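Asker: Provided herewith is a single structure, encoded as structure tokens, for subsequent inquiry.
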Amino acid sequence: MAYSITLLVFFLLTITPISYGNLQDFATCMSFHSTSTSSSVVHSQQSSSYAYLLQESQQNPRWLNSTSLLKPSFIVTPKTQNEIQGAILCAKKHGLQVTVMSGGHDYEGLSFLCKNPFIILDLVDYRSINIDIENETAWIQSGATIGEVYYNIAKKSNILGFPAGLCPSVGVGGHFSGGGIGTMMRKYGLAADNIIDASFVDANGRILNRKTMGEDVFWAIRGGGGASFGVISAWKVKLVRVPSLVTVFTIHKSLDQEGVKLVHNWQYIASKLPEGLFIRVLIQQIDGVDSQGKVKQAEVLFNSLFLGLKTDLISVMNTNFPELALKTEDCTEMIWIKSVLYFTGYQKGEPLEVLLDRKTQYKSNFKAKSDFVVEPMPESVFQGISERFLHQKLVFMIMDPLGGKMDEIDEYEIPFPHRKGNIYNIQYIAKWDSNEGSKQYLYWIQNLYKYMEPYVSNSPRAAYLSYRDLDLGINQQGNYSSYRQAIMTWGTKYFKGNFQRLARAKHQIDPNNFFTNEQSIPPLCC
């Protein structure tokens with residue numbers, strides 16, 4: 001989910017080794033573009049702020065102590081668009097690659113690691129949010145987090161919201177440019193479906209908007225991953241109407257025979273429910289044994305947001321999903337912004353200001369993978385999942401229902417193609433402590449992914465870009481003509497029939513492939 005521009009650099013031109021003089025030249029170059037004091041914007045490896053910025057921004061500690069990749073020569077924290085422009089131009093001039101970090105949530109660490117000398121453009125200080133209540137729009141700088149967006153909207157209105165994700169510390173740069181799945185997508189689509197303009201800085205330092213970048217590039221950055229094309233410095237979005245009260249519930253069940261049957265039945269109705277009702281399924285195992293040392297059954301949660309009152313919700317549930325036996329006392333009515341806190345796991349009574357915390361609540365090493373499902377799976381599949389969750393310490397399987405507005409938007413409207421015909425999305429996650437080895441957890445999630453293969457989408461087996469997974473394939477280092485290789489592996493999985501148009505948009509805005517990483521869109525000419 002973080003806005004990122006490179007992990008491994010696969011570049012067109014040979015970059016000369018970086019000398020101390022070149023590094024000094026970069027810092028000097030930046031001083032001509034900065035309206036702030038140089039030391040407050042450019043942080044070298046010798047500066048006291050460098051280590052703090054590097055550690056605090058990384059939301060997956062799995063990558064923190066990597067020894068196989070370089071650390072950035074500089075971290076640049078721009079406060080103005082001119083400083084963003086300057087960082088690109090100075091890096092390009094002095095042989096440095098550029099990575100851009102919005103919130104630091106890239107699942108594979110593509111925003112803060114590299115095999116070649118590079119800088120991180122950390123947008124932590126570029127995060128203003130301007131809400132236009134009259135026109136129901138907002139301009140949001142890319143360093144803002146989803147939590148900051150929600151908070152600022154709520155401070156201005158109790159009838160407006162925005163359809164984005166659940167984790168408040170995720171940066172909008174990566175989230176918006178990757179698509180943006182959330183609890184209101186069945187009513188209003190993805191975050192990217194609600195973007196109406198953007199401010200963009202390309203590899204030549206040009207500052208562009210929707211009109212000047214052109215519709216092909218504007219199309220590409222809304223779901224195609226901004227990292228491939230340039231730096232999206234800000235987004236203009238249309239806000240959406242929310243009722244004065246919404247209803248939430250979470251039903252906990254054991255993933256035993258009854259729980260398996262409920263999940264199986266959920267598949268048939270979740271994407272067909274009224275579009276204002278979102279019920280996701282969360283299968284989890286947290287500590288595989290109880291206090292007596294007995295193996296614990298995995299738990300399944302039915303976690304829901306309904307854009308309406310609980311009396312109406314109960315009626316809908318009794319008609320469509322009576323097996324869950326939802327009762328009035330299971331439901332809680334609240335204002336929409338409180339439902340945001342509810343889904344993030346904050347305790348009742350927490351102030352809205354917790355949404356302004358840019359740190360992830362519980363950092364842990366993790367690996368994730370994703371799938372899309374086009375037809376309900378047999379009940380036996382969930383029994384097999386239950387068995388695979390036994391003895392595990394911290395593993396999850398999250399299933400988000402599609403349908404509703406997601407079915408109404410054409411798969412070519414933006415690069416995110418997973419529309420009509422898909423009934424739900426799956427995210428698999430394995431987490432582990434920093435003092436544990438990763439091998440067993442990586443093996444577990446790969447084994448689960450292999451087990452699921454016969455039951456999910458195929459030709460291609462689709463995946464969600466924001467749940468980035470380098471196991472799907474990577475660009476080959478130094479291979480400029482990587483379009484064919486990419487479309488045969490990860491490109492079609494993320495984007496299906498939209499990949500070729502993305503590659504042409506890439507050639508239009510960045511033909512020399514300056515913005516590049518292991519899964520960046522390769523340029524395709526003509």
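Ordering of the structure tokens sets the chain letters (A, B, ...), residue numbers begin anew at 1 in every chain, and ligands are numbered from 1 in the order given.
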Just list as a ChimeraX atom specification whatever in segment 348-422 of chain A DSSP marks as strand (DSSP E).

Answerer: /A:365-373,394-401

Asker: Take the selection from the previous step and output its residues with C-alpha atoms, as an mmCIF file, in the first residue's frame.

Answerer:
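Wrote it out as out.cif, contents follow:
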data_model
loop_
_atom_site.group_PDB
_atom_site.id
_atom_site.type_symbol
_atom_site.label_atom_id
_atom_site.label_comp_id
_atom_site.auth_asym_id
_atom_site.auth_seq_id
_atom_site.Cartn_x
_atom_site.Cartn_y
_atom_site.Cartn_z
ATOM 1 C CA ASN A 365 7.784 -8.533 9.900
ATOM 2 C CA PHE A 366 5.324 -9.779 7.323
ATOM 3 C CA LYS A 367 4.829 -11.277 3.892
ATOM 4 C CA ALA A 368 1.580 -11.000 1.939
ATOM 5 C CA LYS A 369 0.029 -12.374 -1.239
ATOM 6 C CA SER A 370 -3.333 -11.839 -2.930
ATOM 7 C CA ASP A 371 -5.987 -13.438 -5.099
ATOM 8 C CA PHE A 372 -9.325 -12.656 -6.733
ATOM 9 C CA VAL A 373 -12.194 -15.138 -6.655
ATOM 10 C CA LEU A 394 0.155 -14.927 13.596
ATOM 11 C CA VAL A 395 -1.493 -15.542 10.214
ATOM 12 C CA PHE A 396 -4.468 -14.005 8.450
ATOM 13 C CA MET A 397 -6.708 -14.422 5.435
ATOM 14 C CA ILE A 398 -8.854 -11.369 4.647
ATOM 15 C CA MET A 399 -11.700 -11.612 2.133
ATOM 16 C CA ASP A 400 -13.238 -8.340 0.901
ATOM 17 C CA PRO A 401 -16.519 -8.539 -1.040
#

Asker: Fewer than 2 positions away in the same chain doesn't count, so skip those; otherwise give me all residues within 7 Å of Lys493 of chain A, counting only C-alpha atoms, as a ChimeraX atom specification.

Answerer: /A:460-463,489-491,495-496

Asker: Go ahead and save the residues from that selection, with C-alpha atoms, as a tab-separated table (two decimals), in the first residue's frame.

Answerer:
chain	number	residue	atom	x	y	z
A	460	PRO	CA	-4.22	-14.94	-15.36
A	461	ARG	CA	-4.24	-15.71	-11.67
A	462	ALA	CA	-4.95	-12.10	-10.73
A	463	ALA	CA	-3.36	-10.08	-7.93
A	489	THR	CA	4.51	-12.56	-15.43
A	490	TRP	CA	3.49	-9.85	-12.97
A	491	GLY	CA	2.10	-7.28	-15.43
A	495	PHE	CA	-3.50	-5.26	-14.70
A	496	LYS	CA	-4.86	-7.89	-17.12

Asker: Can you write out as a tab-separated table which residues of segment 90-109 of chain A fall within 10 Å of segment 129-142 of chain A, alongside each residue's closest atom pair and its distance in Å to one decimal, counting only C-alpha atoms and ordering rows by chain and ascending residue number?

Answerer:
residue	atom	partner	partner_atom	distance
A:Met101	CA	A:Ser142	CA	9.1
A:Ser102	CA	A:Ser142	CA	6.2
A:Gly103	CA	A:Ser142	CA	9.0

Asker: Could those selected residues go to a file with all heavy atoms, as a tab-separated table (two decimals), in the first residue's frame?

Answerer:
chain	number	residue	atom	x	y	z
A	101	MET	N	8.68	8.02	-0.98
A	101	MET	CA	7.97	7.41	0.13
A	101	MET	C	6.85	8.33	0.60
A	101	MET	O	7.07	9.50	0.87
A	101	MET	CB	8.93	7.13	1.28
A	101	MET	CG	8.29	6.43	2.46
A	101	MET	SD	9.48	6.15	3.79
A	101	MET	CE	10.65	5.08	2.96
A	102	SER	N	5.65	7.76	0.67
A	102	SER	CA	4.50	8.51	1.18
A	102	SER	C	4.23	8.11	2.63
A	102	SER	O	4.20	8.96	3.50
A	102	SER	CB	3.28	8.23	0.30
A	102	SER	OG	2.14	8.86	0.79
A	103	GLY	N	4.03	6.82	2.87
A	103	GLY	CA	3.79	6.35	4.23
A	103	GLY	C	4.69	5.20	4.64
A	103	GLY	O	4.69	4.78	5.79

Asker: Please determine, counting only C-alpha atoms, which residue among A:Val41, A:Leu70, A:Leu273, A:Ala51 has the shortest atom-to-atom distance to Asp125 of chain A.

Answerer: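 Comparing A:Val41, A:Leu70, A:Leu273, A:Ala51 against Asp125 of chain A, the winner is A:Val41.
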
Asker: Find, counting only C-alpha atoms, the residue in A:Ala191, A:Val316, A:Ala91, A:Met406 that gets nearest to Ala203 of chain A.

Answerer: A:Ala91

Asker: With a distance cut-off of 7 Å and only C-alpha atoms, select the neighbouring residues of Glu333 of chain A, excluding the residue or stretch itself and same-chain residues fewer than 6 positions from it, and output the selection as a list of chain:residue names.

Answerer: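 Result of the neighbour search: A:Leu245, A:Val246, A:Thr247, A:Val248, A:Leu309, A:Lys310.
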